[in-house]
Structure formats: structure tokens, C-alpha cells
$ cat upload.pdb   # PDB, C-alpha atoms
ATOM      1  CA  MET A   1      17.076  22.151  22.232
ATOM      2  CA  LEU A   2      14.533  21.971  19.401
ATOM      3  CA  ARG A   3      15.916  21.682  15.898
ATOM      4  CA  ALA A   4      15.864  25.018  14.024
ATOM      5  CA  THR A   5      13.284  25.443  11.275
ATOM      6  CA  LEU A   6      13.426  27.225   7.921
ATOM      7  CA  THR A   7      11.446  30.052   9.526
ATOM      8  CA  ASP A   8      14.004  30.352  12.323
ATOM      9  CA  ILE A   9      16.849  30.591   9.824
ATOM     10  CA  ALA A  10      14.964  33.089   7.668
ATOM     11  CA  ARG A  11      14.221  35.325  10.668
ATOM     12  CA  GLU A  12      17.814  35.191  11.917
ATOM     13  CA  ALA A  13      19.313  35.774   8.453
ATOM     14  CA  GLY A  14      16.839  38.503   7.515
ATOM     15  CA  VAL A  15      15.638  36.757   4.342
ATOM     16  CA  SER A  16      12.479  34.962   3.240
ATOM     17  CA  PRO A  17      11.818  31.253   3.963
ATOM     18  CA  ALA A  18      11.748  30.713   0.186
ATOM     19  CA  THR A  19      15.306  32.035  -0.070
ATOM     20  CA  VAL A  20      16.408  29.726   2.742
ATOM     21  CA  ASP A  21      14.787  26.794   0.951
ATOM     22  CA  ARG A  22      16.624  27.603  -2.295
ATOM     23  CA  VAL A  23      19.949  27.872  -0.474
ATOM     24  CA  LEU A  24      19.606  24.663   1.550
ATOM     25  CA  ASN A  25      18.529  22.725  -1.537
ATOM     26  CA  ASP A  26      21.250  24.266  -3.703
ATOM     27  CA  ARG A  27      18.833  25.815  -6.186
ATOM     28  CA  PRO A  28      19.693  28.785  -8.440
ATOM     29  CA  GLY A  29      18.356  32.312  -8.073
ATOM     30  CA  VAL A  30      20.258  33.438  -4.948
ATOM     31  CA  LYS A  31      23.191  35.841  -4.921
ATOM     32  CA  GLU A  32      26.415  34.274  -3.720
ATOM     33  CA  HIS A  33      26.912  36.538  -0.709
ATOM     34  CA  THR A  34      23.307  35.829   0.384
ATOM     35  CA  ARG A  35      23.872  32.091  -0.049
ATOM     36  CA  GLN A  36      26.972  32.156   2.152
ATOM     37  CA  HIS A  37      25.221  34.256   4.807
ATOM     38  CA  VAL A  38      22.246  31.860   5.006
ATOM     39  CA  LEU A  39      24.529  28.816   5.227
ATOM     40  CA  SER A  40      26.479  30.468   8.041
ATOM     41  CA  VAL A  41      23.299  31.179  10.008
ATOM     42  CA  ALA A  42      21.972  27.650   9.385
ATOM     43  CA  GLN A  43      25.182  26.096  10.640
ATOM     44  CA  ARG A  44      25.202  28.336  13.714
ATOM     45  CA  LEU A  45      21.629  27.296  14.553
ATOM     46  CA  GLY A  46      22.536  23.642  14.132
ATOM     47  CA  TYR A  47      20.432  23.041  11.027
ATOM     48  CA  VAL A  48      23.304  22.169   8.682
ATOM     49  CA  ALA A  49      25.334  19.291  10.003
ATOM     50  CA  VAL A  50      27.333  18.673   6.859
ATOM     51  CA  SER A  51      29.575  20.858   4.763
ATOM     52  CA  ALA A  52      27.880  23.467   2.640
ATOM     53  CA  PRO A  53      27.431  22.455  -0.980
ATOM     54  CA  SER A  54      30.124  23.677  -3.302
ATOM     55  CA  THR A  55      29.324  26.734  -5.376
ATOM     56  CA  PRO A  56      27.977  25.576  -8.752
ATOM     57  CA  ALA A  57      30.079  26.372 -11.798
ATOM     58  CA  VAL A  58      29.289  29.561 -13.676
ATOM     59  CA  ARG A  59      28.098  28.601 -17.168
ATOM     60  CA  LEU A  60      29.089  31.150 -19.802
ATOM     61  CA  ALA A  61      28.571  31.242 -23.545
ATOM     62  CA  PHE A  62      29.970  33.572 -26.184
ATOM     63  CA  LEU A  63      28.237  33.938 -29.525
ATOM     64  CA  LEU A  64      30.483  35.368 -32.263
ATOM     65  CA  PRO A  65      29.936  35.839 -36.017
ATOM     66  CA  GLN A  66      31.348  33.365 -38.513
ATOM     67  CA  GLY A  67      33.478  34.498 -41.430
ATOM     68  CA  THR A  68      36.994  35.587 -42.337
ATOM     69  CA  ASN A  69      37.200  38.492 -39.881
ATOM     70  CA  SER A  70      40.608  37.945 -38.269
ATOM     71  CA  PHE A  71      39.884  40.125 -35.256
ATOM     72  CA  ILE A  72      36.901  37.952 -34.308
ATOM     73  CA  ARG A  73      39.162  34.903 -34.418
ATOM     74  CA  MET A  74      41.692  36.714 -32.208
ATOM     75  CA  LEU A  75      38.937  37.562 -29.734
ATOM     76  CA  GLN A  76      37.700  33.970 -29.750
ATOM     77  CA  ALA A  77      41.192  32.675 -28.991
ATOM     78  CA  GLN A  78      41.592  35.132 -26.115
ATOM     79  CA  ILE A  79      38.250  34.184 -24.567
ATOM     80  CA  GLU A  80      39.030  30.474 -24.754
ATOM     81  CA  THR A  81      42.560  30.858 -23.365
ATOM     82  CA  GLN A  82      41.594  33.116 -20.483
ATOM     83  CA  ALA A  83      38.466  31.127 -19.570
ATOM     84  CA  ALA A  84      40.491  27.903 -19.394
ATOM     85  CA  ALA A  85      42.560  29.430 -16.574
ATOM     86  CA  LEU A  86      39.522  30.264 -14.416
ATOM     87  CA  ASP A  87      38.279  27.948 -11.678
ATOM     88  CA  GLY A  88      34.570  27.239 -11.399
ATOM     89  CA  VAL A  89      33.765  28.590 -14.860
ATOM     90  CA  GLU A  90      32.496  26.573 -17.821
ATOM     91  CA  THR A  91      32.781  28.490 -21.088
ATOM     92  CA  LEU A  92      31.534  27.677 -24.579
ATOM     93  CA  VAL A  93      32.472  29.853 -27.560
ATOM     94  CA  GLU A  94      30.241  29.354 -30.577
ATOM     95  CA  THR A  95      30.200  30.969 -34.011
ATOM     96  CA  ILE A  96      27.071  31.602 -36.043
ATOM     97  CA  GLU A  97      26.106  33.376 -39.264
ATOM     98  CA  GLY A  98      26.271  36.902 -37.913
ATOM     99  CA  PHE A  99      24.352  38.636 -40.701
ATOM    100  CA  ASP A 100      21.196  36.528 -40.331
ATOM    101  CA  PRO A 101      19.080  38.041 -37.522
ATOM    102  CA  ALA A 102      16.480  35.244 -37.627
ATOM    103  CA  ALA A 103      19.074  32.491 -37.142
ATOM    104  CA  LEU A 104      20.765  34.511 -34.422
ATOM    105  CA  SER A 105      17.531  35.142 -32.512
ATOM    106  CA  GLU A 106      16.592  31.457 -32.700
ATOM    107  CA  ARG A 107      19.963  30.440 -31.265
ATOM    108  CA  LEU A 108      19.621  32.991 -28.475
ATOM    109  CA  ALA A 109      16.179  31.653 -27.564
ATOM    110  CA  ARG A 110      17.579  28.123 -27.199
ATOM    111  CA  MET A 111      20.086  29.321 -24.612
ATOM    112  CA  LYS A 112      17.416  29.840 -21.953
ATOM    113  CA  GLY A 113      18.181  27.592 -18.995
ATOM    114  CA  ALA A 114      21.468  26.428 -20.527
ATOM    115  CA  VAL A 115      23.735  29.333 -19.529
ATOM    116  CA  ASP A 116      24.115  31.846 -16.703
ATOM    117  CA  GLY A 117      25.874  34.518 -18.743
ATOM    118  CA  LEU A 118      26.257  35.435 -22.413
ATOM    119  CA  GLY A 119      28.719  37.582 -24.347
ATOM    120  CA  VAL A 120      27.584  38.411 -27.870
ATOM    121  CA  ILE A 121      28.513  40.333 -31.010
ATOM    122  CA  ALA A 122      25.214  40.808 -32.781
ATOM    123  CA  LEU A 123      23.201  42.916 -35.179
ATOM    124  CA  ASP A 124      21.065  45.654 -33.656
ATOM    125  CA  HIS A 125      17.850  44.218 -35.128
ATOM    126  CA  PRO A 126      14.326  43.997 -33.639
ATOM    127  CA  VAL A 127      14.185  40.180 -33.481
ATOM    128  CA  VAL A 128      17.657  40.043 -31.932
ATOM    129  CA  ARG A 129      16.736  42.656 -29.340
ATOM    130  CA  GLU A 130      13.584  40.728 -28.441
ATOM    131  CA  ALA A 131      15.527  37.477 -28.062
ATOM    132  CA  LEU A 132      18.045  39.183 -25.786
ATOM    133  CA  ARG A 133      15.228  40.645 -23.685
ATOM    134  CA  GLY A 134      13.791  37.151 -23.281
ATOM    135  CA  LEU A 135      17.157  35.790 -22.169
ATOM    136  CA  ALA A 136      17.641  38.592 -19.671
ATOM    137  CA  ALA A 137      14.150  38.031 -18.272
ATOM    138  CA  SER A 138      15.061  34.369 -17.648
ATOM    139  CA  GLY A 139      17.993  35.488 -15.476
ATOM    140  CA  VAL A 140      20.866  35.334 -17.973
ATOM    141  CA  ARG A 141      23.461  38.095 -17.592
ATOM    142  CA  ILE A 142      24.410  39.646 -20.943
ATOM    143  CA  VAL A 143      27.326  41.709 -22.221
ATOM    144  CA  THR A 144      27.566  43.074 -25.748
ATOM    145  CA  LEU A 145      31.002  43.039 -27.359
ATOM    146  CA  CYS A 146      32.583  45.375 -29.960
ATOM    147  CA  SER A 147      29.218  46.632 -31.234
ATOM    148  CA  ASP A 148      26.553  47.671 -28.735
ATOM    149  CA  ILE A 149      22.840  46.853 -28.787
ATOM    150  CA  GLN A 150      20.852  49.480 -26.966
ATOM    151  CA  ASN A 151      17.513  49.205 -25.197
ATOM    152  CA  VAL A 152      18.184  45.670 -23.980
ATOM    153  CA  PRO A 153      18.849  44.833 -20.298
ATOM    154  CA  ARG A 154      22.551  44.094 -20.688
ATOM    155  CA  ALA A 155      25.055  44.137 -17.823
ATOM    156  CA  ALA A 156      27.580  46.118 -19.868
ATOM    157  CA  TYR A 157      28.941  46.963 -23.289
ATOM    158  CA  ILE A 158      32.591  45.940 -23.618
ATOM    159  CA  GLY A 159      34.321  47.746 -26.459
ATOM    160  CA  THR A 160      35.609  51.032 -27.757
ATOM    161  CA  ASP A 161      33.666  54.187 -28.630
ATOM    162  CA  ASN A 162      32.895  53.507 -32.285
ATOM    163  CA  ARG A 163      31.819  57.042 -33.167
ATOM    164  CA  GLN A 164      35.125  58.278 -31.807
ATOM    165  CA  ALA A 165      36.900  55.611 -33.869
ATOM    166  CA  GLY A 166      35.224  56.896 -37.046
ATOM    167  CA  ARG A 167      36.199  60.467 -36.258
ATOM    168  CA  LEU A 168      39.762  59.349 -35.620
ATOM    169  CA  ALA A 169      39.862  57.559 -38.988
ATOM    170  CA  GLY A 170      38.570  60.689 -40.732
ATOM    171  CA  TYR A 171      41.114  62.881 -38.980
ATOM    172  CA  LEU A 172      43.967  60.572 -39.983
ATOM    173  CA  MET A 173      42.769  60.477 -43.577
ATOM    174  CA  GLY A 174      42.468  64.246 -43.788
ATOM    175  CA  ARG A 175      45.996  64.688 -42.442
ATOM    176  CA  PHE A 176      47.421  62.053 -44.779
ATOM    177  CA  LEU A 177      45.853  63.729 -47.816
ATOM    178  CA  GLY A 178      46.636  67.230 -46.565
ATOM    179  CA  THR A 179      44.475  69.979 -45.120
ATOM    180  CA  GLY A 180      42.510  71.660 -47.898
ATOM    181  CA  SER A 181      42.923  68.703 -50.275
ATOM    182  CA  GLN A 182      40.240  67.813 -52.800
ATOM    183  CA  GLY A 183      39.586  64.146 -53.501
ATOM    184  CA  LYS A 184      37.280  61.177 -53.718
ATOM    185  CA  VAL A 185      36.900  58.868 -50.729
ATOM    186  CA  ALA A 186      35.164  55.478 -50.476
ATOM    187  CA  LEU A 187      33.738  53.768 -47.402
ATOM    188  CA  PHE A 188      33.645  49.992 -46.939
ATOM    189  CA  ALA A 189      31.583  48.415 -44.139
ATOM    190  CA  GLY A 190      30.886  44.892 -42.956
ATOM    191  CA  SER A 191      27.202  45.565 -42.357
ATOM    192  CA  LEU A 192      25.466  48.754 -41.316
ATOM    193  CA  SER A 193      23.077  46.555 -39.321
ATOM    194  CA  TYR A 194      25.858  46.509 -36.733
ATOM    195  CA  ARG A 195      25.471  49.595 -34.567
ATOM    196  CA  GLY A 196      29.243  49.830 -34.252
ATOM    197  CA  HIS A 197      29.653  50.130 -38.022
ATOM    198  CA  GLN A 198      26.884  52.729 -38.188
ATOM    199  CA  GLU A 199      28.597  54.768 -35.495
ATOM    200  CA  ARG A 200      31.986  54.597 -37.201
ATOM    201  CA  GLU A 201      30.449  55.784 -40.458
ATOM    202  CA  MET A 202      28.681  58.681 -38.702
ATOM    203  CA  GLY A 203      31.844  59.758 -36.912
ATOM    204  CA  PHE A 204      33.844  59.598 -40.142
ATOM    205  CA  ARG A 205      31.284  61.681 -42.062
ATOM    206  CA  GLN A 206      31.094  64.213 -39.231
ATOM    207  CA  ILE A 207      34.767  65.063 -39.136
ATOM    208  CA  LEU A 208      35.135  65.201 -42.913
ATOM    209  CA  HIS A 209      32.238  67.668 -42.996
ATOM    210  CA  GLU A 210      33.692  69.730 -40.144
ATOM    211  CA  GLU A 211      37.391  69.814 -41.022
ATOM    212  CA  PHE A 212      38.010  68.362 -44.485
ATOM    213  CA  PRO A 213      35.119  69.516 -46.710
ATOM    214  CA  GLY A 214      37.157  69.008 -49.864
ATOM    215  CA  LEU A 215      37.034  65.236 -49.401
ATOM    216  CA  GLN A 216      33.966  63.780 -51.118
ATOM    217  CA  ILE A 217      32.543  60.383 -50.132
ATOM    218  CA  VAL A 218      31.590  58.839 -53.469
ATOM    219  CA  GLU A 219      30.571  55.309 -52.401
ATOM    220  CA  LEU A 220      29.611  53.188 -49.407
ATOM    221  CA  ARG A 221      29.781  49.429 -49.911
ATOM    222  CA  GLU A 222      28.834  46.598 -47.537
ATOM    223  CA  MET A 223      31.043  43.495 -47.759
ATOM    224  CA  LEU A 224      29.889  41.241 -44.888
ATOM    225  CA  ASP A 225      33.486  41.288 -43.561
ATOM    226  CA  ASP A 226      34.578  38.862 -46.278
ATOM    227  CA  ARG A 227      37.994  39.072 -47.971
ATOM    228  CA  GLU A 228      36.833  37.880 -51.386
ATOM    229  CA  ASN A 229      33.831  40.218 -51.372
ATOM    230  CA  SER A 230      36.164  43.041 -50.395
ATOM    231  CA  TRP A 231      38.533  42.261 -53.273
ATOM    232  CA  ARG A 232      35.713  42.149 -55.843
ATOM    233  CA  GLU A 233      34.098  45.359 -54.559
ATOM    234  CA  ALA A 234      37.438  47.177 -54.519
ATOM    235  CA  MET A 235      38.288  46.086 -58.080
ATOM    236  CA  ALA A 236      34.898  47.359 -59.291
ATOM    237  CA  LEU A 237      35.360  50.571 -57.299
ATOM    238  CA  PHE A 238      38.664  51.325 -59.043
ATOM    239  CA  ASP A 239      36.963  50.847 -62.418
ATOM    240  CA  ARG A 240      34.291  53.393 -61.530
ATOM    241  CA  HIS A 241      36.655  55.869 -59.856
ATOM    242  CA  PRO A 242      40.186  55.620 -61.268
ATOM    243  CA  ASP A 243      41.045  58.887 -59.490
ATOM    244  CA  LEU A 244      40.034  57.643 -56.042
ATOM    245  CA  ALA A 245      42.187  59.185 -53.303
ATOM    246  CA  ALA A 246      41.427  57.105 -50.203
ATOM    247  CA  ILE A 247      39.468  54.247 -48.634
ATOM    248  CA  TYR A 248      38.238  53.868 -45.053
ATOM    249  CA  ASN A 249      37.306  50.297 -44.174
ATOM    250  CA  VAL A 250      34.934  50.343 -41.210
ATOM    251  CA  GLY A 251      34.955  46.573 -40.608
ATOM    252  CA  GLY A 252      36.929  43.475 -41.610
ATOM    253  CA  GLY A 253      38.168  42.573 -45.074
ATOM    254  CA  SER A 254      41.042  45.066 -45.360
ATOM    255  CA  TYR A 255      43.304  42.308 -46.683
ATOM    256  CA  GLY A 256      41.037  41.885 -49.722
ATOM    257  CA  ILE A 257      41.038  45.630 -50.371
ATOM    258  CA  GLY A 258      44.813  45.724 -50.084
ATOM    259  CA  ARG A 259      45.120  42.859 -52.535
ATOM    260  CA  ALA A 260      42.996  44.756 -55.078
ATOM    261  CA  MET A 261      45.139  47.871 -54.598
ATOM    262  CA  LYS A 262      48.267  45.824 -55.352
ATOM    263  CA  ASP A 263      46.624  44.207 -58.387
ATOM    264  CA  ARG A 264      45.870  47.674 -59.801
ATOM    265  CA  GLY A 265      49.207  49.214 -58.847
ATOM    266  CA  LEU A 266      47.548  51.626 -56.408
ATOM    267  CA  ALA A 267      49.216  50.520 -53.183
ATOM    268  CA  GLN A 268      51.401  53.625 -52.956
ATOM    269  CA  ARG A 269      48.825  56.118 -54.267
ATOM    270  CA  VAL A 270      45.512  55.383 -52.527
ATOM    271  CA  VAL A 271      45.394  55.949 -48.758
ATOM    272  CA  LEU A 272      43.926  52.965 -46.867
ATOM    273  CA  ILE A 273      42.834  53.168 -43.222
ATOM    274  CA  GLY A 274      41.124  50.341 -41.361
ATOM    275  CA  HIS A 275      40.731  48.605 -38.030
ATOM    276  CA  GLU A 276      42.556  46.006 -35.928
ATOM    277  CA  ALA A 277      46.203  44.983 -35.890
ATOM    278  CA  THR A 278      45.630  41.492 -37.304
ATOM    279  CA  GLU A 279      48.424  39.572 -38.992
ATOM    280  CA  GLY A 280      47.003  40.412 -42.420
ATOM    281  CA  ASN A 281      46.791  44.117 -41.632
ATOM    282  CA  LYS A 282      50.298  44.105 -40.182
ATOM    283  CA  ALA A 283      51.585  42.725 -43.495
ATOM    284  CA  LEU A 284      49.774  45.509 -45.370
ATOM    285  CA  LEU A 285      51.301  48.114 -43.068
ATOM    286  CA  LEU A 286      54.782  46.689 -43.543
ATOM    287  CA  ASP A 287      54.651  46.773 -47.349
ATOM    288  CA  GLY A 288      53.097  50.247 -47.414
ATOM    289  CA  THR A 289      49.701  49.256 -48.812
ATOM    290  CA  MET A 290      47.909  50.253 -45.607
ATOM    291  CA  ASP A 291      48.657  53.561 -43.935
ATOM    292  CA  ALA A 292      47.153  53.114 -40.462
ATOM    293  CA  VAL A 293      44.917  50.845 -38.397
ATOM    294  CA  ILE A 294      42.882  51.767 -35.343
ATOM    295  CA  ASP A 295      43.261  48.873 -32.941
ATOM    296  CA  GLN A 296      41.204  47.647 -29.998
ATOM    297  CA  ASN A 297      42.762  45.153 -27.632
ATOM    298  CA  ALA A 298      41.211  41.671 -27.954
ATOM    299  CA  ARG A 299      42.969  40.488 -24.783
ATOM    300  CA  VAL A 300      41.451  43.286 -22.689
ATOM    301  CA  GLU A 301      37.985  42.815 -24.193
ATOM    302  CA  ALA A 302      38.032  39.092 -23.406
ATOM    303  CA  ARG A 303      39.273  39.695 -19.861
ATOM    304  CA  GLU A 304      36.673  42.357 -19.071
ATOM    305  CA  ALA A 305      33.795  40.408 -20.636
ATOM    306  CA  LEU A 306      34.628  37.336 -18.560
ATOM    307  CA  ALA A 307      35.065  39.338 -15.351
ATOM    308  CA  THR A 308      31.820  41.270 -15.858
ATOM    309  CA  LEU A 309      29.763  38.151 -16.534
ATOM    310  CA  ILE A 310      31.225  36.125 -13.675
ATOM    311  CA  ALA A 311      30.691  38.946 -11.188
ATOM    312  CA  GLY A 312      27.147  39.470 -12.427
ATOM    313  CA  VAL A 313      26.220  35.806 -12.129
ATOM    314  CA  ARG A 314      27.692  35.631  -8.624
ATOM    315  CA  GLY A 315      25.941  38.823  -7.551
ATOM    316  CA  LEU A 316      29.161  40.753  -7.026
ATOM    317  CA  PRO A 317      29.819  44.368  -8.055
ATOM    318  CA  TYR A 318      32.220  44.969 -10.938
ATOM    319  CA  THR A 319      32.954  47.973 -13.156
ATOM    320  CA  PRO A 320      34.583  46.930 -16.443
ATOM    321  CA  VAL A 321      37.695  48.680 -17.735
ATOM    322  CA  GLN A 322      37.035  49.555 -21.363
ATOM    323  CA  PRO A 323      39.761  48.882 -23.958
ATOM    324  CA  ARG A 324      41.541  51.906 -25.385
ATOM    325  CA  GLN A 325      41.935  52.720 -29.051
ATOM    326  CA  HIS A 326      45.466  52.726 -30.432
ATOM    327  CA  VAL A 327      46.589  54.037 -33.805
ATOM    328  CA  ILE A 328      49.098  51.629 -35.332
ATOM    329  CA  PHE A 329      51.509  52.596 -38.118
ATOM    330  CA  ARG A 330      54.315  50.617 -39.712
ATOM    331  CA  GLU A 331      56.764  52.105 -37.237
ATOM    332  CA  ASN A 332      54.967  51.022 -34.050
ATOM    333  CA  LEU A 333      53.653  47.552 -34.901
ATOM    334  CA  PRO A 334      52.868  45.586 -31.713
ATOM    335  CA  ASP A 335      54.864  42.443 -31.000
ATOM    336  CA  GLU A 336      51.775  40.285 -30.403
TER     337      GLU A 336
END

$ encode --input "upload.pdb" --output "C-alpha cells"
Amino acid sequence: MLRATLTDIAREAGVSPATVDRVLNDRPGVKEHTRQHVLSVAQRLGYVAVSAPSTPAVRLAFLLPQGTNSFIRMLQAQIETQAAALDGVETLVETIEGFDPAALSERLARMKGAVDGLGVIALDHPVVREALRGLAASGVRIVTLCSDIQNVPRAAYIGTDNRQAGRLAGYLMGRFLGTGSQGKVALFAGSLSYRGHQEREMGFRQILHEEFPGLQIVELREMLDDRENSWREAMALFDRHPDLAAIYNVGGGSYGIGRAMKDRGLAQRVVLIGHEATEGNKALLLDGTMDAVIDQNARVEAREALATLIAGVRGLPYTPVQPRQHVIFRENLPDE
């Protein structure tokens, strides 16, 4: 019997000779189920006399913003812990200055050829979008985390509905202050260059306009998710508006705001609502400085991001399960 050729294998497997060549030489660019099918046909035709090459490791990277945002550190820990338990997956978690789009886009560009999949929390900025498009065009699978970036070829967005989160915060605030109440409200944000923070602000403004028109938003401050910046901005805010009724913190830095409220003796008078059940926010809930936090589950986000990327790289179907939003008060603090 004549030895089978690449053309024979391609015809029998129903693929191109180029695909057969990539499979037999263990080159990238072939879906896993196609790879296994071609190897099976090649072995049946007597072309492959040795064991099929092992599936190459899936190379994943996660790019998260630097800073004092405790939730980001929780997410990083979850990604690292869960990835370490996965076979055939190499995962690198890296932090970078998240509010510098040029630095972020440059780092993204250098990832071409180095990773198979990328999870990223990033600004929705033109240079960042272009860098992500370039990565996707090179074959890298991408998921956005916590804050979405639209109009880029991502595999999925993993995170909560941020507009809904803003509406929920506004509803809670209106109920805390009382329907029909009049009062001044301040908004704090990490950066409105994050789409997620924009969406939370829009949702918050919407519901105040619809259901609590007596609440007046007097200021919106960006703090870059930094505790010290938050403390300084809050102290200055109380000087300008000594009759302030409530604060909604869209991003990180609630601990700094809470510290300023304690310094001014306002912890029991000003309503404070923020995000994420971090250790710092739990302490503020316990002592009554913070009234409620809207939490998203870092463990679920890490799990779904990893599963989505791995399935995408291996050419397998997967529909991510999005994390749910939970309202946390002092009386229902989570154990972990």
C-alpha cells in the first residue's frame, strides 16, 4: 500500500491541505476539534506512526489597572488562584497605569504573538480600541471585564449591567432620604473615561430625575480610584456644601470618603452608597459610615473570564454566566 499523502488526508478529513500541514507540524491557527479530527484520519490512513503531539498550553494574560482599588486586587487574587488549578493553561496577571490610554495601548500592542487570550479592564478610548482591534486581528481572543469597550471584536463582556447599577444606587439613595425629600447630592467617580463609570452615572441621574426630583446633584468629582484623592476631594466638598445630604461613589475610594466623613463628624448624617464588598467597605458598613454597597462577585467574574477565553482559544462554544448584583447592608455582610 502506498503511503498516504497530505492531499489524501485533506480529502478524507474534508479540510484543506494547508490545514493538514498545520496540524501535522503542530502549528497554531487550527481549532482543537479540527486538529483532533485530522490526527484521527491521519492515523487511520497510516500517516501518523507516533502519538499525536500534546495540545499546546493556552497562554492567557490579564491586564488590570494599578492603584488602591481593593476590588481590583480581589479580582486579581481570584484570577491567579483559579488559573493555578487549571491544567494546560499558563496565566499572567499584570497591572498597569489604568488612566493612561497611551501606555495601555502600547502594552496591548506588545502582546501580539505572546498570548492566545486576554482579559482586560480598560478605558474606552480611541487608541485603546485600536490596539484591541489589532490584537483581535492577530488571533487573540479578548474579554472585557467590569467595564465594557464597545465596537471592538471581543469574545464577551464579563461584568454586571452598570447602568442598572447606577439606577439601583439612585433608588436606594432616594429611599434612604425619603420620597419627596429635598437635598444636595454629590457624585464621585474613578474616571468617566471608563464606560462602566459613565453608565453608572447615567443610570443614577435617570432615576433621580424620574422618581426623586427633589434631590439635586451639586458636584461630580473624578478621583482616579485613589483613597487619598477621595479623602481630599471629600474634605473640600464638605467645605463647599456643609448641608450635603448624600454621596454616591461610582468607583473605588469609598474608604477615603468615609474617613473624611468621620473627620467632619458626618458619618451618621450624610448617606454614603458605593460599590463592592471589600474589607474597607465592610468596616464602613459595620460602623454606620456607609449605608449600602452594590456588590459584584469577583470569584464569578474570574471564573467566567477564564472559561470564556479558554473555550475561545480551543475553538469550543461557551456562553458565560454573568455575575449578579447584590445589595449589601450591615445586616447581611458576606462571610468572604

$ residues_near_point --input "upload.pdb" --point "(27.6, 51.0, -37.8)" --cutoff "8 Å" --atoms "only C-alpha atoms" --output "ChimeraX atom specification"
/A:189,191-202

$ resolve_selection --input "upload.pdb" --expression "the PyMOL selection byres ((chain A and resi 225) around 9)" --output "MDAnalysis selection string"
chainID A and resid 67:69 189:191 222:224 226:227 229:230 251:254

$ residues_around --input "upload.pdb" --residues "stretch 117-129 of chain A" --least-positions-apart "5" --cutoff "8 Å" --atoms "only C-alpha atoms" --output "number ranges by chain"
A: 58-65, 98-99, 101-102, 104-105, 140-152, 193-195, 305, 309-310, 313

$ residues_around --input "upload.pdb" --residues "stretch 180-188 of chain A" --least-positions-apart "4" --cutoff "9 Å" --atoms "all atoms listed in the file" --output "PyMOL selection string"
chain A and resi 174+201+211-223+230+233-234+237+241+243-251+253

$ write_last_selection --input "upload.pdb" --atoms "C-alpha atoms" --output "short mmCIF file (atom, residue, chain, number, x, y, z; two decimals), keeping the file's coordinate frame"
data_model
loop_
_atom_site.label_atom_id
_atom_site.label_comp_id
_atom_site.auth_asym_id
_atom_site.auth_seq_id
_atom_site.Cartn_x
_atom_site.Cartn_y
_atom_site.Cartn_z
CA GLY A 174 42.47 64.25 -43.79
CA GLU A 201 30.45 55.78 -40.46
CA GLU A 211 37.39 69.81 -41.02
CA PHE A 212 38.01 68.36 -44.48
CA PRO A 213 35.12 69.52 -46.71
CA GLY A 214 37.16 69.01 -49.86
CA LEU A 215 37.03 65.24 -49.40
CA GLN A 216 33.97 63.78 -51.12
CA ILE A 217 32.54 60.38 -50.13
CA VAL A 218 31.59 58.84 -53.47
CA GLU A 219 30.57 55.31 -52.40
CA LEU A 220 29.61 53.19 -49.41
CA ARG A 221 29.78 49.43 -49.91
CA GLU A 222 28.83 46.60 -47.54
CA MET A 223 31.04 43.50 -47.76
CA SER A 230 36.16 43.04 -50.40
CA GLU A 233 34.10 45.36 -54.56
CA ALA A 234 37.44 47.18 -54.52
CA LEU A 237 35.36 50.57 -57.30
CA HIS A 241 36.66 55.87 -59.86
CA ASP A 243 41.04 58.89 -59.49
CA LEU A 244 40.03 57.64 -56.04
CA ALA A 245 42.19 59.18 -53.30
CA ALA A 246 41.43 57.10 -50.20
CA ILE A 247 39.47 54.25 -48.63
CA TYR A 248 38.24 53.87 -45.05
CA ASN A 249 37.31 50.30 -44.17
CA VAL A 250 34.93 50.34 -41.21
CA GLY A 251 34.96 46.57 -40.61
CA GLY A 253 38.17 42.57 -45.07
#

$ residues_around --input "upload.pdb" --residues "A:Gly265" --least-positions-apart "4" --cutoff "12 Å" --atoms "all atoms listed in the file" --output "PDB file with C-alpha atoms, in the frame of the given file"
ATOM      1  CA  MET A 235      38.288  46.086 -58.080  1.00  0.00           C
ATOM      2  CA  PHE A 238      38.664  51.325 -59.043  1.00  0.00           C
ATOM      3  CA  PRO A 242      40.186  55.620 -61.268  1.00  0.00           C
ATOM      4  CA  GLY A 258      44.813  45.724 -50.084  1.00  0.00           C
ATOM      5  CA  ARG A 259      45.120  42.859 -52.535  1.00  0.00           C
ATOM      6  CA  ALA A 260      42.996  44.756 -55.078  1.00  0.00           C
ATOM      7  CA  MET A 261      45.139  47.871 -54.598  1.00  0.00           C
ATOM      8  CA  ARG A 269      48.825  56.118 -54.267  1.00  0.00           C
ATOM      9  CA  VAL A 270      45.512  55.383 -52.527  1.00  0.00           C
ATOM     10  CA  THR A 289      49.701  49.256 -48.812  1.00  0.00           C
TER      11      THR A 289
END

$ resolve_selection --input "upload.pdb" --expression "the PyMOL selection byres ((chain A and resi 331) around 12)" --output "list in words"
Lys282, Leu285, Leu286, Asp287, Gly288, Asp291, Ala292, Val293, Val327, Ile328, Phe329, Arg330, Asn332, Leu333, Pro334 and Asp335 of chain A

$ residues_near_point --input "upload.pdb" --point "(35.9, 51.9, -29.9)" --cutoff "9 Å" --atoms "all atoms listed in the file" --output "ChimeraX atom specification"
/A:146-147,159-166,196,200,294-296,322-325

$ closest_residue --input "upload.pdb" --among "A:Leu92, A:Ala283, A:Ile79, A:Val38" --to "A:Arg11" --atoms "all atoms listed in the file"
A:Val38
